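Visitor: So that we are looking at the same thing, I have put the structure below in structure tokens.
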Amino acid sequence: MSTIGVVSFCSCSHPAVGLLNQGMQKMSSFSFHTAAKCAARDYYEVLVLGGGTGGISMSARMKRKVGAGNVAVVEPSKTHYYQPLWTLVGGGAKQLATSARPTGSIMPKGVEWIKSRVTALDPDKNCIWLENDVKISYKYLIIALGISLHYEKIKGLPEGFHHPKIGSNYSVHTVEKTWKAIQDFKEGNAIFTFPNTPVKCAGAPQKIMYLSEAYWSKTGRRSKANIMFNTSLGAIFGVKKYADTLLEIIKERNIAVNYKCNLVEVRAEKQEAVFENLDKPGVTEVHQYEMLHVTPPMGPPDVLINSPVSDEVGWVDVDKETLQHKKYPNVFGIGDCTNLPTSRTAAAVAAQSGVLDKTISLVMKNQLPTKKYDGYTSCPLVTGYNKVILAEFDYNAQPLETFPIDQSKERVTMYHMKADMMPFLYWNALLKGYWGGPAPVRKLMHLGLK
């Protein structure tokens with residue numbers, strides 16, 4: 001695939017690009033690369049929106065496919081976080097600093113880092129707009145913009161976080177407050193919430209609850225704690241095999257679960273949390289708390305709402321098997337910003353990246369995608385400071401396990417995988433585009449059993 005074809009494909013490119021397209025046919029190989037580099041400010045063969053897990057991993061893969069100079073990542077943040085670690089940060093088992101690295105240090109070498117924010121997408125003209133009315137054109141677009149947190153949709157937040165006894169593992173600004181609230185707890189209600197929206201890592205709201213319970217048991221305060229999990233959902237977990245084990249743990253540890261219960265207001269000065277009953281519209285209940293962990297409502301990034309690339313809600317509208325956009329064949333989506341009907345986790349992104357790599361390779365050759373994403377996702381359910389249930393499942397909420405053991409059981413080995421092995425894999429394999437999830441490991445395991 002030549003860059004000559006790439007430039008002519010882009011219908012909203014800068015006028016200079018059109019001149020380059022005409023002149024390139026007469027250029028030598030050396031001058032060809034020089035000219036392509038000059039056009040890099042307003043055109044890229046592959047443009048990636050978002051420098052999170054999906055964006056960085058795909059930019060690394062695309063670099064190897066089309067060359068670093070032909071790939072750019074749009075990302076305004078100066079710091080990249082390994083957010084799955086925040087469960088352990090909030091529980092006091094890890095330091096926040098260990099989850100952070102400068103964005104520049106994880107950007108694939110040679111790939112252009114555009115330190116700006118996307119303000120609009122125009123897939124009909126193969127371009128996007130940045131702040132200050134800067135337009136960038138592309139041949140292929142990968143959307144990896146993540147998910148937005150909306151604490152402000154809960155009355156009293158985010159200003160309520162200025163008060164003690166309240167925290168949230170979902171924000172870099174509040175995750176350390178969770179650990180402080182756990183440590184300061186003496187007696188009374190400890191409430192953990194799950195909102196009435198899609199969330200990233202749906203197991204995380206209860207993981208911190210189990211860690212809190214374990215900490216208070218260790219420090220002799222458990223008997224004075226009334227632990228409550230107030231969830232908007234109608235079940236503790238979406239996969240029955242793991243839900244059954246979690247319900248046993250909840251019963252053994254005397255934890256109260258209130259279903260169809262959604263946090264709508266926090267009165268931090270009074271230490272009161274107000275919940276709506278989703279089965280009885282208009283009916284609310286006020287709970288006094290001595291410790292409150294808030295999982296915020298979440299939704300698509302603003303730029304995707306009412307965008308041509310999005311569905312009616314605002315999620316990037318992609319084929320659930322190929323990750324190719326349903327309307328625009330040169331547009332692809334990965335991760336939390338898509339409408340893929342699976343849990344939003346880093347493990348899901350890993351599996352998606354391998355499939356998307358194959359999809360784009362075939363599309364670039366004008367062939368139909370054949371590799372299919374089965375919805376694989378993983379949620380290491382932390383149930384203590386040395387215990388994890390490794391939940392792995394597919395689109396149909398059926399277990400899709402890697403190891404030849406019963407993964408619904410609490411295991412020390414799985415805790416160490418979550419706390420130590422997965423961060424290493426993340427920084428050194430996934431972000432570098434070398435790890436597409438555990439499917440190859442799973443195949444080897446099962447072959448070894450035959």
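Residue numbering restarts at 1 for every chain of the structure tokens, chains are lettered A, B, ... in their displayed order, and ligands are numbered from 1 as they appear.
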As a short mmCIF file (atom, residue, chain, number, x, y, z; two decimals) with N, CA and C atoms, in the first residue's frame, list the residues of stretch 62-164 of chain A assigned to strand (DSSP E or B) by DSSP on the backbone atoms of this structure.

Guide:
```cif
data_model
loop_
_atom_site.label_atom_id
_atom_site.label_comp_id
_atom_site.auth_asym_id
_atom_site.auth_seq_id
_atom_site.Cartn_x
_atom_site.Cartn_y
_atom_site.Cartn_z
N VAL A 71 1.98 7.20 11.89
CA VAL A 71 1.03 6.98 12.97
C VAL A 71 1.09 8.15 13.96
N ALA A 72 -0.06 8.58 14.42
CA ALA A 72 -0.12 9.64 15.44
C ALA A 72 -1.16 9.28 16.48
N VAL A 73 -0.92 9.72 17.71
CA VAL A 73 -1.85 9.52 18.82
C VAL A 73 -2.25 10.88 19.37
N VAL A 74 -3.54 11.12 19.46
CA VAL A 74 -4.05 12.35 20.05
C VAL A 74 -4.37 12.08 21.52
N THR A 79 0.26 12.24 31.90
CA THR A 79 0.54 11.05 32.70
C THR A 79 -0.38 9.91 32.30
N HIS A 80 0.17 8.72 32.19
CA HIS A 80 -0.59 7.51 31.87
C HIS A 80 -0.67 6.66 33.14
N TYR A 81 -1.87 6.17 33.46
CA TYR A 81 -2.06 5.38 34.67
C TYR A 81 -2.49 3.96 34.36
N ALA A 100 1.68 5.05 37.85
CA ALA A 100 1.82 6.19 36.93
C ALA A 100 3.15 6.19 36.18
N ARG A 101 3.08 6.60 34.91
CA ARG A 101 4.28 6.83 34.11
C ARG A 101 4.01 8.01 33.19
N PRO A 102 5.04 8.79 32.85
CA PRO A 102 4.82 9.89 31.91
C PRO A 102 4.33 9.35 30.56
N GLU A 112 4.01 9.97 16.42
CA GLU A 112 3.75 11.37 16.77
C GLU A 112 2.73 11.45 17.91
N TRP A 113 3.10 12.15 18.95
CA TRP A 113 2.18 12.40 20.06
C TRP A 113 1.60 13.81 19.90
N ILE A 114 0.32 13.89 19.60
CA ILE A 114 -0.36 15.17 19.45
C ILE A 114 -1.00 15.52 20.78
N VAL A 118 -9.49 16.09 21.16
CA VAL A 118 -10.38 16.00 20.01
C VAL A 118 -11.67 16.76 20.32
N THR A 119 -12.10 17.61 19.39
CA THR A 119 -13.34 18.37 19.59
C THR A 119 -14.46 17.95 18.65
N ALA A 120 -14.13 17.28 17.54
CA ALA A 120 -15.16 16.83 16.60
C ALA A 120 -14.60 15.78 15.66
N LEU A 121 -15.48 14.89 15.20
CA LEU A 121 -15.09 13.87 14.23
C LEU A 121 -15.94 14.04 12.97
N ASP A 122 -15.31 13.96 11.82
CA ASP A 122 -16.02 14.06 10.54
C ASP A 122 -15.62 12.87 9.67
N CYS A 127 -11.60 13.12 8.54
CA CYS A 127 -10.79 14.03 9.33
C CYS A 127 -11.41 14.23 10.71
N ILE A 128 -10.60 14.77 11.59
CA ILE A 128 -11.06 15.14 12.94
C ILE A 128 -10.59 16.56 13.22
N TRP A 129 -11.18 17.15 14.24
CA TRP A 129 -10.81 18.52 14.63
C TRP A 129 -10.30 18.51 16.05
N LEU A 130 -9.26 19.31 16.26
CA LEU A 130 -8.68 19.47 17.60
C LEU A 130 -9.01 20.86 18.12
N VAL A 134 -7.84 23.11 14.73
CA VAL A 134 -6.83 22.37 13.97
C VAL A 134 -7.47 21.12 13.39
N LYS A 135 -7.29 20.91 12.09
CA LYS A 135 -7.87 19.77 11.40
C LYS A 135 -6.78 18.76 11.04
N ILE A 136 -7.05 17.48 11.28
CA ILE A 136 -6.12 16.43 10.91
C ILE A 136 -6.87 15.36 10.12
N SER A 137 -6.28 14.95 9.03
CA SER A 137 -6.88 13.96 8.15
C SER A 137 -6.22 12.59 8.35
N TYR A 138 -6.92 11.57 7.92
CA TYR A 138 -6.42 10.22 8.12
C TYR A 138 -6.90 9.30 7.00
N LYS A 139 -6.24 8.17 6.88
CA LYS A 139 -6.77 7.10 6.04
C LYS A 139 -7.53 6.09 6.91
N TYR A 140 -6.93 5.78 8.07
CA TYR A 140 -7.57 4.87 9.01
C TYR A 140 -7.64 5.55 10.38
N LEU A 141 -8.76 5.40 11.03
CA LEU A 141 -8.98 6.03 12.34
C LEU A 141 -9.29 4.96 13.37
N ILE A 142 -8.57 5.00 14.49
CA ILE A 142 -8.84 4.11 15.62
C ILE A 142 -9.30 4.96 16.80
N ILE A 143 -10.51 4.72 17.27
CA ILE A 143 -11.07 5.51 18.36
C ILE A 143 -10.91 4.73 19.66
N SER A 148 -15.99 8.40 30.40
CA SER A 148 -15.94 9.60 31.23
C SER A 148 -16.62 9.36 32.58
N LEU A 149 -16.01 9.91 33.63
CA LEU A 149 -16.58 9.86 34.97
C LEU A 149 -17.47 11.07 35.19
N LYS A 155 -25.67 14.63 43.37
CA LYS A 155 -25.78 15.90 44.08
C LYS A 155 -24.83 15.91 45.29
#
```

Visitor: Find, counting only C-alpha atoms, the residue in A:Lys165, A:Lys65, A:Lys251, A:His325 that gets nearest to A:Glu272.

Guide: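 Looking only at the distances to A:Glu272, the closest residue turns out to be A:Lys165.
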
Visitor: Which residue gives the smallest distance to A:Tyr376 among A:Leu233, A:Val111, A:Ile227, A:Ala351, with only C-alpha atoms counted?

Guide: A:Ala351

Visitor: Please determine, counting only C-alpha atoms, which residue among A:Ala202, A:Val363, A:Val239, A:Val48 has the shortest atom-to-atom distance to A:Pro329.

Guide: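 Closest residue, counting only C-alpha atoms: A:Val363.
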
Visitor: Identify which of the residues A:Ile154, A:Met107, A:Ile236, A:Ile249 lies closest to A:Val274, counting only C-alpha atoms when measuring atom-to-atom distances.

Guide: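 Looking at the shortest contact to A:Val274, the residue is A:Ile154.
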
Visitor: With only C-alpha atoms as the atoms that count, which of A:Ala346, A:Met58, A:Val412, A:Leu381 lies nearest to A:Gly437?

Guide: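 Closest residue, counting only C-alpha atoms: A:Ala346.
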
Visitor: Can you work out which one of A:Lys180, A:Ile147, A:Phe275, A:Ala268 has the shortest atom-to-atom distance to A:Phe194, counting only C-alpha atoms?

Guide: A:Phe275

Visitor: What does the distance from atom CA of A:Lys409 to atom CA of A:Ala256 come to in Å, to one decimal?

Guide: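 We find that atom CA of A:Lys409 and atom CA of A:Ala256 lie 21.4 Å from each other.
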
Visitor: Give me the residues near A:Gly354 as a ChimeraX atom specification, where near means some atom within 8 Å (using only C-alpha atoms) and where sequence neighbours in that chain fewer than 4 positions away do not count.

Guide: /A:350,358,435-437

Visitor: Where in stretch 108-340 of chain A does DSSP assign alpha helix (DSSP H), given as an mmCIF file with C-alpha atoms, in the first residue's frame?

Guide:
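File states-v8.cif, as written:
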```cif
data_model
loop_
_atom_site.group_PDB
_atom_site.id
_atom_site.type_symbol
_atom_site.label_atom_id
_atom_site.label_comp_id
_atom_site.auth_asym_id
_atom_site.auth_seq_id
_atom_site.Cartn_x
_atom_site.Cartn_y
_atom_site.Cartn_z
ATOM 1 C CA VAL A 175 -8.231 7.016 45.397
ATOM 2 C CA GLU A 176 -5.872 7.811 48.282
ATOM 3 C CA LYS A 177 -8.813 9.266 50.208
ATOM 4 C CA THR A 178 -10.338 5.793 50.142
ATOM 5 C CA TRP A 179 -7.404 4.356 52.078
ATOM 6 C CA LYS A 180 -7.522 7.261 54.534
ATOM 7 C CA ALA A 181 -11.251 6.656 55.112
ATOM 8 C CA ILE A 182 -10.641 2.934 55.682
ATOM 9 C CA GLN A 183 -7.886 3.646 58.196
ATOM 10 C CA ASP A 184 -9.891 6.300 60.043
ATOM 11 C CA ALA A 204 -14.083 -2.949 41.369
ATOM 12 C CA PRO A 205 -16.917 -1.419 43.439
ATOM 13 C CA GLN A 206 -17.095 -4.567 45.543
ATOM 14 C CA LYS A 207 -13.372 -5.407 45.510
ATOM 15 C CA ILE A 208 -12.635 -2.450 47.785
ATOM 16 C CA MET A 209 -15.429 -3.596 50.079
ATOM 17 C CA TYR A 210 -13.751 -6.968 50.600
ATOM 18 C CA LEU A 211 -10.391 -5.311 51.221
ATOM 19 C CA SER A 212 -11.961 -2.955 53.776
ATOM 20 C CA GLU A 213 -13.598 -5.868 55.543
ATOM 21 C CA ALA A 214 -10.281 -7.722 55.667
ATOM 22 C CA TYR A 215 -8.454 -4.671 57.032
ATOM 23 C CA TRP A 216 -11.013 -4.065 59.774
ATOM 24 C CA SER A 217 -10.947 -7.756 60.701
ATOM 25 C CA LYS A 218 -7.180 -7.584 61.025
ATOM 26 C CA LYS A 240 -23.488 -17.170 37.794
ATOM 27 C CA LYS A 241 -20.427 -19.322 38.486
ATOM 28 C CA TYR A 242 -18.586 -16.434 40.135
ATOM 29 C CA ALA A 243 -21.716 -14.834 41.595
ATOM 30 C CA ASP A 244 -22.424 -18.015 43.571
ATOM 31 C CA THR A 245 -18.989 -17.857 45.207
ATOM 32 C CA LEU A 246 -19.310 -14.134 45.927
ATOM 33 C CA LEU A 247 -22.682 -14.653 47.605
ATOM 34 C CA GLU A 248 -21.110 -17.309 49.842
ATOM 35 C CA ILE A 249 -18.345 -14.861 50.805
ATOM 36 C CA ILE A 250 -20.873 -12.106 51.472
ATOM 37 C CA LYS A 251 -22.879 -14.412 53.729
ATOM 38 C CA GLU A 252 -19.786 -15.643 55.601
#
```

Visitor: Near A:Arg267, counting only C-alpha atoms, which residues have an atom at most 12 Å away, once you skip same-chain residues fewer than 4 positions from it, shown as a compact mmCIF listing (two decimals) with all heavy atoms, in the first residue's frame?

Guide:
```txt
# COMPACT_ATOMS: atom_id res chain seq x y z
N ILE A 154 -24.08 13.17 40.78
CA ILE A 154 -24.52 12.88 42.15
C ILE A 154 -24.53 14.21 42.91
O ILE A 154 -23.48 14.85 43.04
CB ILE A 154 -23.58 11.88 42.84
CG1 ILE A 154 -23.56 10.56 42.07
CG2 ILE A 154 -24.01 11.65 44.29
CD1 ILE A 154 -22.50 9.58 42.57
N LYS A 155 -25.67 14.63 43.37
CA LYS A 155 -25.78 15.90 44.08
C LYS A 155 -24.83 15.91 45.29
O LYS A 155 -24.77 14.95 46.06
CB LYS A 155 -27.22 16.13 44.55
CG LYS A 155 -27.46 17.50 45.16
CD LYS A 155 -28.92 17.68 45.55
CE LYS A 155 -29.16 19.04 46.17
NZ LYS A 155 -30.58 19.21 46.58
N GLY A 156 -24.06 16.99 45.42
CA GLY A 156 -23.12 17.09 46.53
C GLY A 156 -21.70 16.69 46.16
O GLY A 156 -20.77 16.87 46.96
N LEU A 157 -21.53 16.16 44.95
CA LEU A 157 -20.19 15.78 44.48
C LEU A 157 -19.88 16.59 43.21
O LEU A 157 -20.78 17.04 42.52
CB LEU A 157 -20.13 14.28 44.18
CG LEU A 157 -20.31 13.32 45.36
CD1 LEU A 157 -20.17 11.88 44.90
CD2 LEU A 157 -19.31 13.62 46.47
N PRO A 158 -18.58 16.80 42.93
CA PRO A 158 -17.40 16.25 43.63
C PRO A 158 -16.96 17.03 44.87
O PRO A 158 -16.02 16.63 45.55
CB PRO A 158 -16.33 16.31 42.55
CG PRO A 158 -16.70 17.49 41.72
CD PRO A 158 -18.20 17.51 41.69
N GLU A 159 -17.61 18.16 45.16
CA GLU A 159 -17.16 18.99 46.30
C GLU A 159 -17.18 18.22 47.62
O GLU A 159 -16.45 18.54 48.55
CB GLU A 159 -18.02 20.25 46.40
CG GLU A 159 -19.51 20.03 46.63
CD GLU A 159 -20.30 19.88 45.34
OE1 GLU A 159 -19.68 19.60 44.27
OE2 GLU A 159 -21.54 20.03 45.41
N GLY A 160 -18.02 17.19 47.70
CA GLY A 160 -18.10 16.41 48.93
C GLY A 160 -16.82 15.69 49.29
O GLY A 160 -16.60 15.34 50.45
N PHE A 161 -15.95 15.49 48.31
CA PHE A 161 -14.68 14.81 48.58
C PHE A 161 -13.73 15.65 49.44
O PHE A 161 -12.71 15.14 49.90
CB PHE A 161 -14.00 14.40 47.27
CG PHE A 161 -14.66 13.23 46.58
CD1 PHE A 161 -15.31 13.40 45.37
CD2 PHE A 161 -14.63 11.97 47.15
CE1 PHE A 161 -15.91 12.33 44.73
CE2 PHE A 161 -15.24 10.89 46.53
CZ PHE A 161 -15.88 11.07 45.32
N HIS A 162 -14.04 16.91 49.62
CA HIS A 162 -13.21 17.74 50.50
C HIS A 162 -13.42 17.35 51.97
O HIS A 162 -12.61 17.70 52.83
CB HIS A 162 -13.54 19.22 50.30
CG HIS A 162 -13.16 19.74 48.94
ND1 HIS A 162 -11.87 19.70 48.47
CD2 HIS A 162 -13.90 20.31 47.96
CE1 HIS A 162 -11.82 20.22 47.26
NE2 HIS A 162 -13.04 20.58 46.92
N HIS A 163 -14.50 16.65 52.22
CA HIS A 163 -14.78 16.19 53.59
C HIS A 163 -14.12 14.83 53.83
O HIS A 163 -13.86 14.09 52.87
CB HIS A 163 -16.29 16.08 53.80
CG HIS A 163 -17.00 17.39 53.78
ND1 HIS A 163 -17.36 18.07 54.92
CD2 HIS A 163 -17.41 18.17 52.74
CE1 HIS A 163 -17.96 19.20 54.61
NE2 HIS A 163 -18.01 19.29 53.29
N PRO A 164 -13.88 14.48 55.07
CA PRO A 164 -13.29 13.17 55.38
C PRO A 164 -14.31 12.04 55.25
O PRO A 164 -15.50 12.29 55.05
CB PRO A 164 -12.82 13.33 56.83
CG PRO A 164 -13.75 14.35 57.41
CD PRO A 164 -14.04 15.30 56.29
N LYS A 165 -13.84 10.83 55.35
CA LYS A 165 -14.67 9.62 55.41
C LYS A 165 -15.32 9.24 54.08
O LYS A 165 -16.24 8.41 54.05
CB LYS A 165 -15.72 9.73 56.51
CG LYS A 165 -15.11 10.03 57.88
CD LYS A 165 -16.12 9.96 58.99
CE LYS A 165 -15.43 10.22 60.34
NZ LYS A 165 -16.34 10.07 61.49
N ILE A 166 -14.86 9.84 52.99
CA ILE A 166 -15.41 9.53 51.68
C ILE A 166 -14.28 9.44 50.66
O ILE A 166 -13.35 10.25 50.68
CB ILE A 166 -16.45 10.59 51.25
CG1 ILE A 166 -16.93 10.33 49.82
CG2 ILE A 166 -15.90 12.00 51.38
CD1 ILE A 166 -18.06 11.25 49.38
N LEU A 263 -27.18 5.58 44.25
CA LEU A 263 -26.77 6.80 44.96
C LEU A 263 -27.10 8.03 44.13
O LEU A 263 -26.67 8.16 42.99
CB LEU A 263 -25.27 6.75 45.24
CG LEU A 263 -24.66 7.96 45.96
CD1 LEU A 263 -25.20 8.06 47.39
CD2 LEU A 263 -23.14 7.87 45.98
N GLN A 271 -22.56 13.55 56.71
CA GLN A 271 -22.23 12.15 56.51
C GLN A 271 -23.48 11.32 56.20
O GLN A 271 -23.73 10.28 56.80
CB GLN A 271 -21.49 11.57 57.71
CG GLN A 271 -20.10 12.18 57.89
CD GLN A 271 -19.41 11.72 59.16
OE1 GLN A 271 -18.68 12.49 59.80
NE2 GLN A 271 -19.64 10.48 59.54
N GLU A 272 -24.23 11.82 55.21
CA GLU A 272 -25.45 11.14 54.78
C GLU A 272 -25.39 10.84 53.28
O GLU A 272 -24.95 11.69 52.50
CB GLU A 272 -26.68 11.99 55.07
CG GLU A 272 -26.99 12.15 56.54
CD GLU A 272 -28.20 13.03 56.80
OE1 GLU A 272 -28.65 13.72 55.84
OE2 GLU A 272 -28.70 13.04 57.95
N ALA A 273 -25.84 9.66 52.91
CA ALA A 273 -25.92 9.27 51.50
C ALA A 273 -27.37 8.97 51.17
O ALA A 273 -28.05 8.25 51.92
CB ALA A 273 -25.06 8.04 51.24
N VAL A 274 -27.85 9.54 50.07
CA VAL A 274 -29.25 9.38 49.68
C VAL A 274 -29.32 8.44 48.47
O VAL A 274 -28.65 8.67 47.46
CB VAL A 274 -29.89 10.74 49.32
CG1 VAL A 274 -31.37 10.55 48.99
CG2 VAL A 274 -29.72 11.73 50.47
N PHE A 275 -30.16 7.42 48.57
CA PHE A 275 -30.31 6.44 47.51
C PHE A 275 -31.74 6.40 47.00
O PHE A 275 -32.69 6.52 47.78
CB PHE A 275 -29.93 5.04 48.02
CG PHE A 275 -28.49 4.90 48.40
CD1 PHE A 275 -28.06 5.25 49.67
CD2 PHE A 275 -27.56 4.43 47.49
CE1 PHE A 275 -26.72 5.13 50.04
CE2 PHE A 275 -26.22 4.30 47.83
CZ PHE A 275 -25.80 4.66 49.10
N VAL A 286 -32.32 7.51 53.10
CA VAL A 286 -31.11 8.18 53.57
C VAL A 286 -30.35 7.25 54.53
O VAL A 286 -30.94 6.71 55.48
CB VAL A 286 -31.43 9.51 54.29
CG1 VAL A 286 -30.15 10.18 54.78
CG2 VAL A 286 -32.20 10.44 53.36
N HIS A 287 -29.05 7.09 54.26
CA HIS A 287 -28.21 6.28 55.14
C HIS A 287 -27.09 7.16 55.71
O HIS A 287 -26.41 7.86 54.96
CB HIS A 287 -27.57 5.11 54.38
CG HIS A 287 -28.53 4.06 53.94
ND1 HIS A 287 -29.07 3.13 54.79
CD2 HIS A 287 -29.06 3.80 52.72
CE1 HIS A 287 -29.86 2.32 54.12
NE2 HIS A 287 -29.88 2.72 52.85
N GLN A 288 -26.92 7.10 57.02
CA GLN A 288 -25.78 7.77 57.64
C GLN A 288 -24.56 6.86 57.44
O GLN A 288 -24.67 5.65 57.48
CB GLN A 288 -26.05 7.99 59.13
CG GLN A 288 -25.09 8.93 59.84
CD GLN A 288 -23.77 8.25 60.24
OE1 GLN A 288 -23.73 7.05 60.45
NE2 GLN A 288 -22.70 9.03 60.35
N TYR A 289 -23.40 7.49 57.19
CA TYR A 289 -22.21 6.67 56.97
C TYR A 289 -21.04 7.17 57.80
O TYR A 289 -20.92 8.34 58.13
CB TYR A 289 -21.83 6.66 55.49
CG TYR A 289 -21.39 8.00 54.93
CD1 TYR A 289 -20.09 8.46 55.09
CD2 TYR A 289 -22.28 8.81 54.23
CE1 TYR A 289 -19.68 9.69 54.59
CE2 TYR A 289 -21.89 10.04 53.71
CZ TYR A 289 -20.59 10.47 53.90
OH TYR A 289 -20.18 11.69 53.41
N LEU A 292 -17.65 6.01 53.21
CA LEU A 292 -18.41 5.90 51.96
C LEU A 292 -17.45 5.79 50.79
O LEU A 292 -16.58 6.64 50.60
CB LEU A 292 -19.32 7.12 51.78
CG LEU A 292 -20.11 7.19 50.46
CD1 LEU A 292 -21.13 6.06 50.38
CD2 LEU A 292 -20.80 8.55 50.33
```

Visitor: What's the 9 Å shell around A:Lys320, counting only C-alpha atoms, without same-chain residues fewer than 3 positions away, as a list in words?

Guide: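 Residues near the query, excluding close chain neighbours: Asp317, Leu323, Gln324, Asn339, Leu340, Pro341, Lys372, Tyr373, Asp374 and Gly375 of chain A.
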
Visitor: Name all residues at most 6 Å from A:Arg344 (count only C-alpha atoms; drop same-chain ones fewer than 2 positions away) and give them as a PyMOL selection string.

Guide: chain A and resi 200-201+336

Visitor: Mind checking which residues fall within 6 Å of A:Gly55, counting only C-alpha atoms, ignoring those fewer than 4 positions away in the same chain, and posting them as a list in words?

Guide: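 So, after excluding close chain neighbours, the residues are Gly50, Gly51 and Ala144 of chain A.
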
Visitor: Tell me, in Å to one decimal, how far atom CA of A:Gly333 is from atom CA of A:Lys109.

Guide: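 Pair atom CA of A:Gly333 / atom CA of A:Lys109 returns 22.7 Å.
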